[in-house]
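Asker: Below is one structure. I have some questions about it.
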Amino acid sequence: MKKVFLLISVLCLNQLTWAQNTIGIPTILNYYKQDYKAGRQNGDIAQDRRGIMYFANSNGLLSFDGTFWRIYSLPNATTVRSLAIDRDDRIYVGAQQEFGYFYPDKNGELTYTSLRSGLQPGDYDFTDVWNVKIVQQHIFFCSRKKIFEYNGHTIKVYNSINWGFLDYADGKLLAYDFEKGLVCFKNSQWIPCIKTGSLPANVEIKSITHFGKDSLLITSVAHGLFILKNDTLVRFESRDIKEIAASNIAGARLLSPDKIALNTSLGGCVIINKEGKFIQRFTIREGVQTNNVLCIYLDRDQNLWMGLDNGIVCITWNNAIKNIFPEPVDRNSGTSSIVHNNQLYLGTSSGLYSTGLSAAGTDLSFTIGSFTLVENSKGQVWNVSEVNGQLLLAHNKGAFWVNGNKAVPVNEGTGYWTFLPLNDSFPSSVIAAGTYNGISFFNYKNNRFIYSDVYVPFESARFVVKNNNTIWALHPYRGLYRVSFDEQKRPVATSYSDRKMILSKNNNHLYPVAGRVVLTNDNGIFELDPTGNEFVPSGYFNKLFGTLRVDYLKEDGAGNIWFCSNKRVGVIDRSGGGPRLIYIPELDDKIMPDGFEHINIIDSNNVLIAAERGFFHLNYARYKKSKFQLTTFIRMVQRAGKKENLLYGGYVEPGKKWLEPRINYRFNSLNFQCSAVLYGQQQHISYSYFLKGLDEDWCAWTHKSEREFTNLPPGHYIFQVKSRSNFDNESAIASFSFTILPPWYRTWWAYSLYFCVFAGIMYWFYKWQQQQFRHREQQKLLQQQQRYEEQQKQLKLFHELERGKNEQEIIRLTNEKLHADIEHKKAQLASTAMNLVRKVSVFSKIKVDLNEFRNNEGFKAGSKEFEKIIRLIDNELDITQEWEQFTSHFDQVHANFLKKLKDYSPALTSSELKLAAYLRLNLNTKEIAQLMNISIRGVETGRYRLRKKLGITSNDINLYDFLITVTS
């Protein structure tokens with residue numbers, strides 16, 4: 001597809017190869033559908049009183065204020081074919097089976113009103129409305145079969161087999177009827193308006209334009225141009241018009257009394273004069289995105305707008321600044337320029353180009369011609385200088401003498417920066433040249449430049465300036481050198497001793513200005529003192545520029561000082577008496593930077609400035625006179641909440657005062673969109689904002705066209721904005737008043753409620769105080785009574801305490817007695833147990849002895865008596881009764897030890913309980929064995945069984961301690 005498009009473009013351009021274009025081309029701004037986010041086709045253009053542009057777009061009505069694009073769709077989402085704006089800024093549109101108008105609603109947003117509903121049912125059979133024209137208070141809509149006349153209330157219909165066209169020019173409404181031909185509307189009648197001459201059959205008329213006194217210019221697609229003077233029709237023919245007609249003329253627009261713009265479907269836009277002679281063209285070759293131009297429009301600032309088959313173009317046609325691109329396709333950076341022998345030479349990074357000029361004293365940007373590459377100059381050009389009436393070319397390949405359209409090598413040993421005649425006489429016999437390696441010299445003899453062997457090597461000499469018999473050479477960051485001549489007139493280079501530290505690490509530049517040798521860098525502006533030995537701060541230039549860092553300086557013939565600073569171009573203008581600082585904002589950030597700036601002031605009408613792409617041509621005399629009106633608008637106000645809500649759409653009904661909106665507190669964050677209507681210069685416009693009621697002063701200038709305020713407190717505010725395109729071109733202030741309502745808890749009724757609540761609280765507090773007073777009186781009486789009762793209570797308590805002390809003493813004594821009884825019983829119990837042990841021990845021993853005695857054969861006769869005695873002893877050894885008595889006393893003394901132990905382990909036998917009791921009394925094993933009438937091993941076995949039944953598994957647990965613990 002790209003190849004096909006390129007082929008079509010080439011074929012279209014070939015149709016215009018008969019005419020060379022002007023070397024100067026105004027700035028062309030292309031707006032693609034991706035930029036304005038709407039349909040591709042734009043069939044009609046209009047501008048309202050405020051300067052806002054409107055386009056009949058295939059997606060609806062498209063508006064542009066220089067910053068923001070907006071699209072307004074019709075109810076049936078159809079293509080808008082035509083539009084017109086009346087004196088009240090009501091925008092009438094014609095579309096597919098639809099026509100009506102846009103007008104602001106109460107929110108300042110454009111809304112559509114259809115006029116189709118005013119038709120009779122039989123008049124609905126129309127298709128596209130191709131033309132909309134306003135005649136006084138009447139609006140005419142033209143479709144193929146019907147013309148509708150709307151007078152503000154009713155609609156009148158004019159039928160035809162085929163209405164081919166409708167236009168309004170020079171106070172006449174004309175239409176083309178395929179049956180009647182060209183007709184004029186008079187007294188509600190369509191009357192033929194050609195008496196002499198005739199239009200070709202099946203002619204397709206596209207526009208009718210005012211063409212001078214009593215004359216109209218009629219354009220047709222394939223039959224060229226016609227002039228209608230009164231009722232006589234003649235062809236408007238010329239060789240150029242015939243060539244243009246081959247590109248299908250689609251419309252015309254009068255640009256000035258002597259210039260007419262023709263839009264074509266194949267050859268872009270072509271400008272001719274009233275004699276039909278070609279002046280200028282705008283096609284793909286010049287930078288327009290397509291050659292199919294559907295419509296053209298000249299706005300109030302003389303910008304030429306084009307509605308394209310695919311996009312929109314704005315050409316700053318009336319601007320004093322033009323672009324010059326010496327290369328037809330590649331647009332490389334410019335470096336140097338000069339006019340020599342009525343020939344313009346432009347040096348670029350790709351070579352030296354030349355073209356012939358028109359007569360001197362005119363704006364050379366309108367010269368019709370084309371540039372050709374100077375032979376043998378291909379490569380980086382640094383400088384073109386006129387020396388001794390001839391041209392020398394400083395090139396990265398060497399030094400060249402330019403003879404006509406050919407560069408003849410003079411020295412190709414190194415790259416050259418610049419040339420400088422050394423003699424004050426003309427012609428100068430010696431020429432110094434700054435090279436990549438230092439200063440070299442040429443001799444001039446017999447109109448020829450001859451390279452000499454004299455050479456001063458030291459450093460790359462970018463800047464070379466002569467002062468008396470001394471040459472100063474400088475490189476931006478490699479240092480400053482002084483070249484003087486000894487007695488034999490041989491050059492000697494010495495490095496500048498920077499004792500005062502004036503040189504910066506970079507950005508050092510050297511220029512001859514106003515009879516001074518001037519050094520500029522980051523540290524300021526310095527000039528060579530009269531002794532010629534040292535640079536000192538320049539009081540003259542520092543007074544002009546202050547603290548501004550200057551990168552380039554040049555003086556013109558009128559004493560104006562041109563300068564560059566931070567990629568900006570300005571002039572210290574002296575034409576009005578005192579110095580006046582003028583900036584050229586259209587060139588900001590577009591010129592050559594870093595010490596390669598170049599300004600060539602030919603005269604006040606022609607200033608050439610090297611740019612990053614080609615050159616700029618500045619008609620300075622015209623630029624000073626042209627001051628475009630700058631208007632600032634508030635285009636949209638939105639309030640932020642859960643979603644953005646439109647508060648103001650940017651349109652106000654003419655003559656109607658905008659009502660100040662009152663905004664709910666929960667929407668106290670607002671966004672303002674602003675725009676300055678100055679097409680083609682939007683990138684240079686800056687804004688300043690001020691919100692009365694919040695800000696203390698205007699904010700600093702910024703390029704941002706939006707301002708947002710969040711969490712505004714309740715109150716009345718006035719938002720103000722102003723813009724400027726230059727420091728001396730500032731717009732009027734645009735204002736928008738609004739009020740942020742307080743939250744419900746800060747409204748009058750809320751304050752009334754607060755007052756009522758406060759009054760109620762105060763009344764309650766008053767009553768509460770009265771009640772408190774009575775209560776305090778009662779309290780006093782009550783306190784007195786309470787003090788009396790308290791005293792009585794204290795006396796009673798004292799007696800009770802005394803009695804209590806006595807009772808406690810009795811209890812203490814009782815406890816002591818009981819404790820003593822218990823201790824006594826314990827002692828008795830222990831004594832009884834010990835006596836019992838001794839008794840058992842004694843009787844057991846007696847029994848043993850008696851048994852031994854009985855067994856003696858010598859005493860058998862008395863065995864019955866022994867048996868009786870032994871039985872008595874056995875009865876004494878039976879301690880069952882003693883045990884029962886013992887357990888009773890034991891439990892009394894030891895707090896039911898046996899009962900608690902039996903509850904803890906119900907499986908314990910009486911023997912095991914005895915063993916536990918004896919262990920509690922801390923008897924040893926032998927004593928326990930005697931009491932229980934068992935062996936010592938039996939006691940050990942009993943102890944083991946007792947531990948097992950009590951659940952004692954660890955040998956580290958003492959049985960005695962365990963018994964005390966479980967029975968405590």
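The chains in the structure tokens are called A, B, ... from first to last as shown; in each chain the residues are counted from 1, and the ligands are counted from 1 in the order shown.
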Which of segment 482-594 of chain A end up as helix (DSSP H, G or I) when DSSP is run on this backbone - answer as JSON, numbers by chain?
Answerer: {"A": [539, 540, 541, 542, 543, 544, 545, 585, 586, 587]}
Asker: Identify, on the basis of only C-alpha atoms, every residue whose closest approach to Ile205 of chain A does not exceed 7 Å; exclude the query and any residue fewer than 2 positions from it along the same chain; express the result as an NGL selection string.
Answerer: :A and (165 or 203 or 207 or 219-221)
Asker: DSSP says strand (DSSP E) for which residues of segment 554-743 of chain A? Put them as a ChimeraX atom specification?
Answerer: /A:554-555,561-565,568-573,580-583,599-603,606-610,615-618,631-640,645-648,662-663,669-677,686-692,706-709,715-726,729-730,734-740
Asker: Which of these, A:Gln638, A:Gln683, A:Ser675, A:Gln380, has the shortest distance to Ile663 of chain A once you count only C-alpha atoms?
Answerer: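 Smallest separation from Ile663 of chain A among the options: A:Gln638.
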Asker: With distances taken over only C-alpha atoms, which residue among A:Asp594, A:Ala432, A:Phe709, A:Lys406 lies nearest His475 of chain A?
Answerer: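 Closest to His475 of chain A of all the choices is A:Asp594.
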Asker: Please provide the set of residues having any atom within 10 Å of Phe441 of chain A, restricted to only C-alpha atoms, with same-chain residues fewer than 6 positions apart removed, written as a PyMOL selection string.
Answerer: chain A and resi 419-422+430-434+449-456+491
Asker: Name the closest residue to Ile591 of chain A among the candidates A:Asp177, A:Val157, A:Trp749, A:Asn323; distances are taken between atoms, counting only C-alpha atoms.
Answerer: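 The answer is A:Asn323, which sits nearest to Ile591 of chain A.
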Asker: Give me, as a PyMOL selection string, all polymer residues having an atom no more than 9 Å from segment 347-363 of chain A, counting only C-alpha atoms and skipping those fewer than 4 positions away in the same chain.
Answerer: chain A and resi 23+326-327+332-339+341-343+367-384+393+395+405+407+603+605-606+610+614+619
Asker: Restrict the selected residues to C-alpha atoms and save them as a PDB file, in the first residue's frame.
Answerer:
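So out-v9.pdb came out as:
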```pdb
ATOM      1  CA  ILE A  23      11.965  28.967  -1.957  1.00  0.00           C
ATOM      2  CA  PRO A 326      17.521  23.747   0.044  1.00  0.00           C
ATOM      3  CA  GLU A 327      17.272  19.970  -0.236  1.00  0.00           C
ATOM      4  CA  ASN A 332      19.495  18.587   6.996  1.00  0.00           C
ATOM      5  CA  SER A 333      20.645  21.240   9.424  1.00  0.00           C
ATOM      6  CA  GLY A 334      21.727  24.631   8.119  1.00  0.00           C
ATOM      7  CA  THR A 335      25.114  26.115   8.988  1.00  0.00           C
ATOM      8  CA  SER A 336      25.850  29.229   6.872  1.00  0.00           C
ATOM      9  CA  SER A 337      24.285  31.517   4.256  1.00  0.00           C
ATOM     10  CA  ILE A 338      25.283  34.379   1.981  1.00  0.00           C
ATOM     11  CA  VAL A 339      23.957  36.343  -0.984  1.00  0.00           C
ATOM     12  CA  ASN A 341      25.986  38.198  -7.207  1.00  0.00           C
ATOM     13  CA  ASN A 342      22.200  37.924  -6.746  1.00  0.00           C
ATOM     14  CA  GLN A 343      22.672  34.250  -5.942  1.00  0.00           C
ATOM     15  CA  THR A 367      11.555  33.947  -5.059  1.00  0.00           C
ATOM     16  CA  ILE A 368      10.350  31.209  -7.363  1.00  0.00           C
ATOM     17  CA  GLY A 369      13.103  28.751  -8.031  1.00  0.00           C
ATOM     18  CA  SER A 370      14.848  25.633  -6.838  1.00  0.00           C
ATOM     19  CA  PHE A 371      18.174  24.908  -5.214  1.00  0.00           C
ATOM     20  CA  THR A 372      20.982  22.986  -6.859  1.00  0.00           C
ATOM     21  CA  LEU A 373      23.961  21.419  -5.149  1.00  0.00           C
ATOM     22  CA  VAL A 374      27.196  23.307  -5.825  1.00  0.00           C
ATOM     23  CA  GLU A 375      29.522  20.950  -7.602  1.00  0.00           C
ATOM     24  CA  ASN A 376      32.262  19.409  -5.454  1.00  0.00           C
ATOM     25  CA  SER A 377      30.713  20.692  -2.193  1.00  0.00           C
ATOM     26  CA  LYS A 378      29.083  17.545  -0.937  1.00  0.00           C
ATOM     27  CA  GLY A 379      29.763  17.083   2.790  1.00  0.00           C
ATOM     28  CA  GLN A 380      29.793  19.201   5.936  1.00  0.00           C
ATOM     29  CA  VAL A 381      29.805  22.946   5.228  1.00  0.00           C
ATOM     30  CA  TRP A 382      30.867  25.176   8.119  1.00  0.00           C
ATOM     31  CA  ASN A 383      31.030  28.637   6.615  1.00  0.00           C
ATOM     32  CA  VAL A 384      30.633  30.616   3.398  1.00  0.00           C
ATOM     33  CA  LEU A 393      33.856  27.832   1.394  1.00  0.00           C
ATOM     34  CA  HIS A 395      34.368  22.663   4.536  1.00  0.00           C
ATOM     35  CA  ASN A 405      28.008  26.689  -9.157  1.00  0.00           C
ATOM     36  CA  ALA A 407      33.632  24.630  -5.646  1.00  0.00           C
ATOM     37  CA  ASP A 603      18.351  43.727   5.186  1.00  0.00           C
ATOM     38  CA  ASN A 605      13.137  42.285   4.981  1.00  0.00           C
ATOM     39  CA  ASN A 606      15.508  39.346   4.806  1.00  0.00           C
ATOM     40  CA  ALA A 610      20.342  28.463  10.499  1.00  0.00           C
ATOM     41  CA  GLY A 614      17.213  23.946   6.801  1.00  0.00           C
ATOM     42  CA  ASN A 619      10.986  39.405   7.318  1.00  0.00           C
TER      43      ASN A 619
END
```
Asker: What are the closest atom pairs, with distances in Å to one decimal, for each residue of segment 682-722 of chain A lying within 7 Å of segment 667-672 of chain A, using only C-alpha atoms, rows by chain and rising residue number, as JSON lines?
Answerer:
```
{"residue": "A:Glu706", "atom": "CA", "partner": "A:Phe672", "partner_atom": "CA", "distance": 5.6}
{"residue": "A:Arg707", "atom": "CA", "partner": "A:Phe672", "partner_atom": "CA", "distance": 5.2}
{"residue": "A:Glu708", "atom": "CA", "partner": "A:Asn671", "partner_atom": "CA", "distance": 4.3}
{"residue": "A:Phe709", "atom": "CA", "partner": "A:Leu670", "partner_atom": "CA", "distance": 5.3}
{"residue": "A:Thr710", "atom": "CA", "partner": "A:Ser669", "partner_atom": "CA", "distance": 4.0}
{"residue": "A:Asn711", "atom": "CA", "partner": "A:Asn668", "partner_atom": "CA", "distance": 5.3}
{"residue": "A:Leu712", "atom": "CA", "partner": "A:Asn668", "partner_atom": "CA", "distance": 5.2}
```
Asker: Those selected residues, please, written with N, CA and C atoms and delivered as a PDB file, in the first residue's frame.
Answerer:
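Contents of out_3.pdb, freshly written:
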```pdb
ATOM      1  N   GLU A 706      -3.951  23.455  31.499  1.00  0.00           N
ATOM      2  CA  GLU A 706      -4.943  22.980  32.455  1.00  0.00           C
ATOM      3  C   GLU A 706      -4.501  23.343  33.870  1.00  0.00           C
ATOM      4  N   ARG A 707      -5.473  23.579  34.716  1.00  0.00           N
ATOM      5  CA  ARG A 707      -5.191  23.873  36.130  1.00  0.00           C
ATOM      6  C   ARG A 707      -6.240  23.166  36.979  1.00  0.00           C
ATOM      7  N   GLU A 708      -5.798  22.532  38.014  1.00  0.00           N
ATOM      8  CA  GLU A 708      -6.701  21.787  38.885  1.00  0.00           C
ATOM      9  C   GLU A 708      -6.560  22.272  40.322  1.00  0.00           C
ATOM     10  N   PHE A 709      -7.707  22.400  40.981  1.00  0.00           N
ATOM     11  CA  PHE A 709      -7.747  22.785  42.384  1.00  0.00           C
ATOM     12  C   PHE A 709      -8.499  21.694  43.143  1.00  0.00           C
ATOM     13  N   THR A 710      -7.929  21.256  44.242  1.00  0.00           N
ATOM     14  CA  THR A 710      -8.543  20.176  45.020  1.00  0.00           C
ATOM     15  C   THR A 710      -8.869  20.670  46.427  1.00  0.00           C
ATOM     16  N   ASN A 711      -9.947  20.117  46.961  1.00  0.00           N
ATOM     17  CA  ASN A 711     -10.357  20.383  48.351  1.00  0.00           C
ATOM     18  C   ASN A 711     -10.468  21.884  48.643  1.00  0.00           C
ATOM     19  N   LEU A 712     -11.201  22.571  47.780  1.00  0.00           N
ATOM     20  CA  LEU A 712     -11.405  24.003  47.996  1.00  0.00           C
ATOM     21  C   LEU A 712     -12.339  24.211  49.189  1.00  0.00           C
TER      22      LEU A 712
END
```
Asker: Just the number, please: distance in Å from atom CA of Leu294 of chain A to atom CA of Ala250 of chain A, one decimal.
Answerer: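 Computing the Euclidean distance for atom CA of Leu294 of chain A and atom CA of Ala250 of chain A yields 6.4 Å.
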Asker: Which neighbours of Trp562 of chain A fall inside 8 Å, counting only C-alpha atoms, when residues of the same chain fewer than 4 positions from it are skipped, and could you give them as a list of chain:residue names?
Answerer: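 Here the answer would be A:Tyr552, A:Leu553, A:Lys554, A:Glu555, A:Asp556, A:Val569, A:Gly570, A:Val571, A:Ile572, A:Ile599.
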Asker: Let me see the file: selected residues, C-alpha atoms, as a tab-separated table (two decimals), in the first residue's frame.
Answerer:
```tsv
chain	number	residue	atom	x	y	z
A	552	TYR	CA	25.73	34.29	19.91
A	553	LEU	CA	26.05	37.99	19.03
A	554	LYS	CA	25.85	39.87	15.74
A	555	GLU	CA	25.22	43.49	14.80
A	556	ASP	CA	23.25	44.48	11.70
A	569	VAL	CA	16.59	34.10	19.06
A	570	GLY	CA	16.21	37.72	20.06
A	571	VAL	CA	17.05	41.27	19.00
A	572	ILE	CA	18.13	44.35	20.90
A	599	ILE	CA	22.21	34.69	11.63
```
Asker: Calculate how many Å separate atom CA of Arg943 of chain A from atom CA of Leu898 of chain A, rounding to one decimal.
Answerer: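 It comes out at 16.0 Å.
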Asker: Which one is closest to Lys590 of chain A: A:Arg516, A:Lys767, A:His684, A:Lys780? Count only C-alpha atoms.
Answerer: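 Closest residue, counting only C-alpha atoms: A:His684.
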Asker: Find the residue from A:Asn600, A:Asn806, A:Thr22, A:Ser910 that sits nearest to Ser365 of chain A; use only C-alpha atoms when measuring.
Answerer: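 Going through A:Asn600, A:Asn806, A:Thr22, A:Ser910 one by one, the smallest distance to Ser365 of chain A is for A:Thr22.
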Asker: From the list A:Gln47, A:Lys213, A:Pro427, A:Val93, which residue is nearest Leu61 of chain A when using only C-alpha atoms?
Answerer: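 Between A:Gln47, A:Lys213, A:Pro427, A:Val93, the residue approaching Leu61 of chain A most closely is A:Val93.
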Asker: I'd like the contact shell of Leu115 of chain A - 12 Å cut-off, only C-alpha atoms, skipping same-chain residues fewer than 6 positions apart - returned as a ChimeraX atom specification.
Answerer: /A:92-95,97-102,124,139-141,148-156
Asker: May I have the residues from that selection written out with C-alpha atoms, as an mmCIF file, in the first residue's frame?
Answerer:
```
data_model
loop_
_atom_site.group_PDB
_atom_site.id
_atom_site.type_symbol
_atom_site.label_atom_id
_atom_site.label_comp_id
_atom_site.auth_asym_id
_atom_site.auth_seq_id
_atom_site.Cartn_x
_atom_site.Cartn_y
_atom_site.Cartn_z
ATOM 1 C CA TYR A 92 -25.736 25.419 11.208
ATOM 2 C CA VAL A 93 -24.796 22.056 9.740
ATOM 3 C CA GLY A 94 -25.904 19.975 6.789
ATOM 4 C CA ALA A 95 -25.538 16.199 6.951
ATOM 5 C CA GLN A 97 -30.705 13.352 5.488
ATOM 6 C CA GLU A 98 -30.316 15.799 8.344
ATOM 7 C CA PHE A 99 -29.818 19.502 8.953
ATOM 8 C CA GLY A 100 -30.060 21.739 11.979
ATOM 9 C CA TYR A 101 -27.864 23.791 14.291
ATOM 10 C CA PHE A 102 -25.649 23.615 17.388
ATOM 11 C CA TYR A 124 -38.155 13.974 3.635
ATOM 12 C CA ILE A 139 -30.299 30.081 6.257
ATOM 13 C CA PHE A 140 -30.257 28.017 3.061
ATOM 14 C CA PHE A 141 -29.522 24.279 3.032
ATOM 15 C CA PHE A 148 -34.429 24.524 2.234
ATOM 16 C CA GLU A 149 -34.848 28.134 3.384
ATOM 17 C CA TYR A 150 -35.118 28.571 7.167
ATOM 18 C CA ASN A 151 -36.154 31.982 8.499
ATOM 19 C CA GLY A 152 -35.906 31.103 12.170
ATOM 20 C CA HIS A 153 -39.442 29.786 12.410
ATOM 21 C CA THR A 154 -40.573 28.041 9.258
ATOM 22 C CA ILE A 155 -38.927 26.178 6.378
ATOM 23 C CA LYS A 156 -39.612 26.793 2.693
#
```
Asker: Calculate how many Å separate atom CA of Cys314 of chain A from atom CA of Ala261 of chain A, rounding to one decimal.
Answerer: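 Between atom CA of Cys314 of chain A and atom CA of Ala261 of chain A the gap is 13.7 Å.
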Asker: Skipping near chain neighbours, those fewer than 3 positions away, what residues fall within 8 Å of Ser626 of chain A using only C-alpha atoms, listed as a list of chain:residue names?
Answerer: A:Ala320, A:Arg622, A:Tyr623
Asker: Only C-alpha atoms, please: the residues just picked out, written as a PDB file, in the first residue's frame.
Answerer:
```pdb
ATOM      1  CA  ALA A 320       6.651  36.821   8.589  1.00  0.00           C
ATOM      2  CA  ARG A 622       7.033  42.922   8.735  1.00  0.00           C
ATOM      3  CA  TYR A 623       7.427  40.871  11.905  1.00  0.00           C
TER       4      TYR A 623
END
```
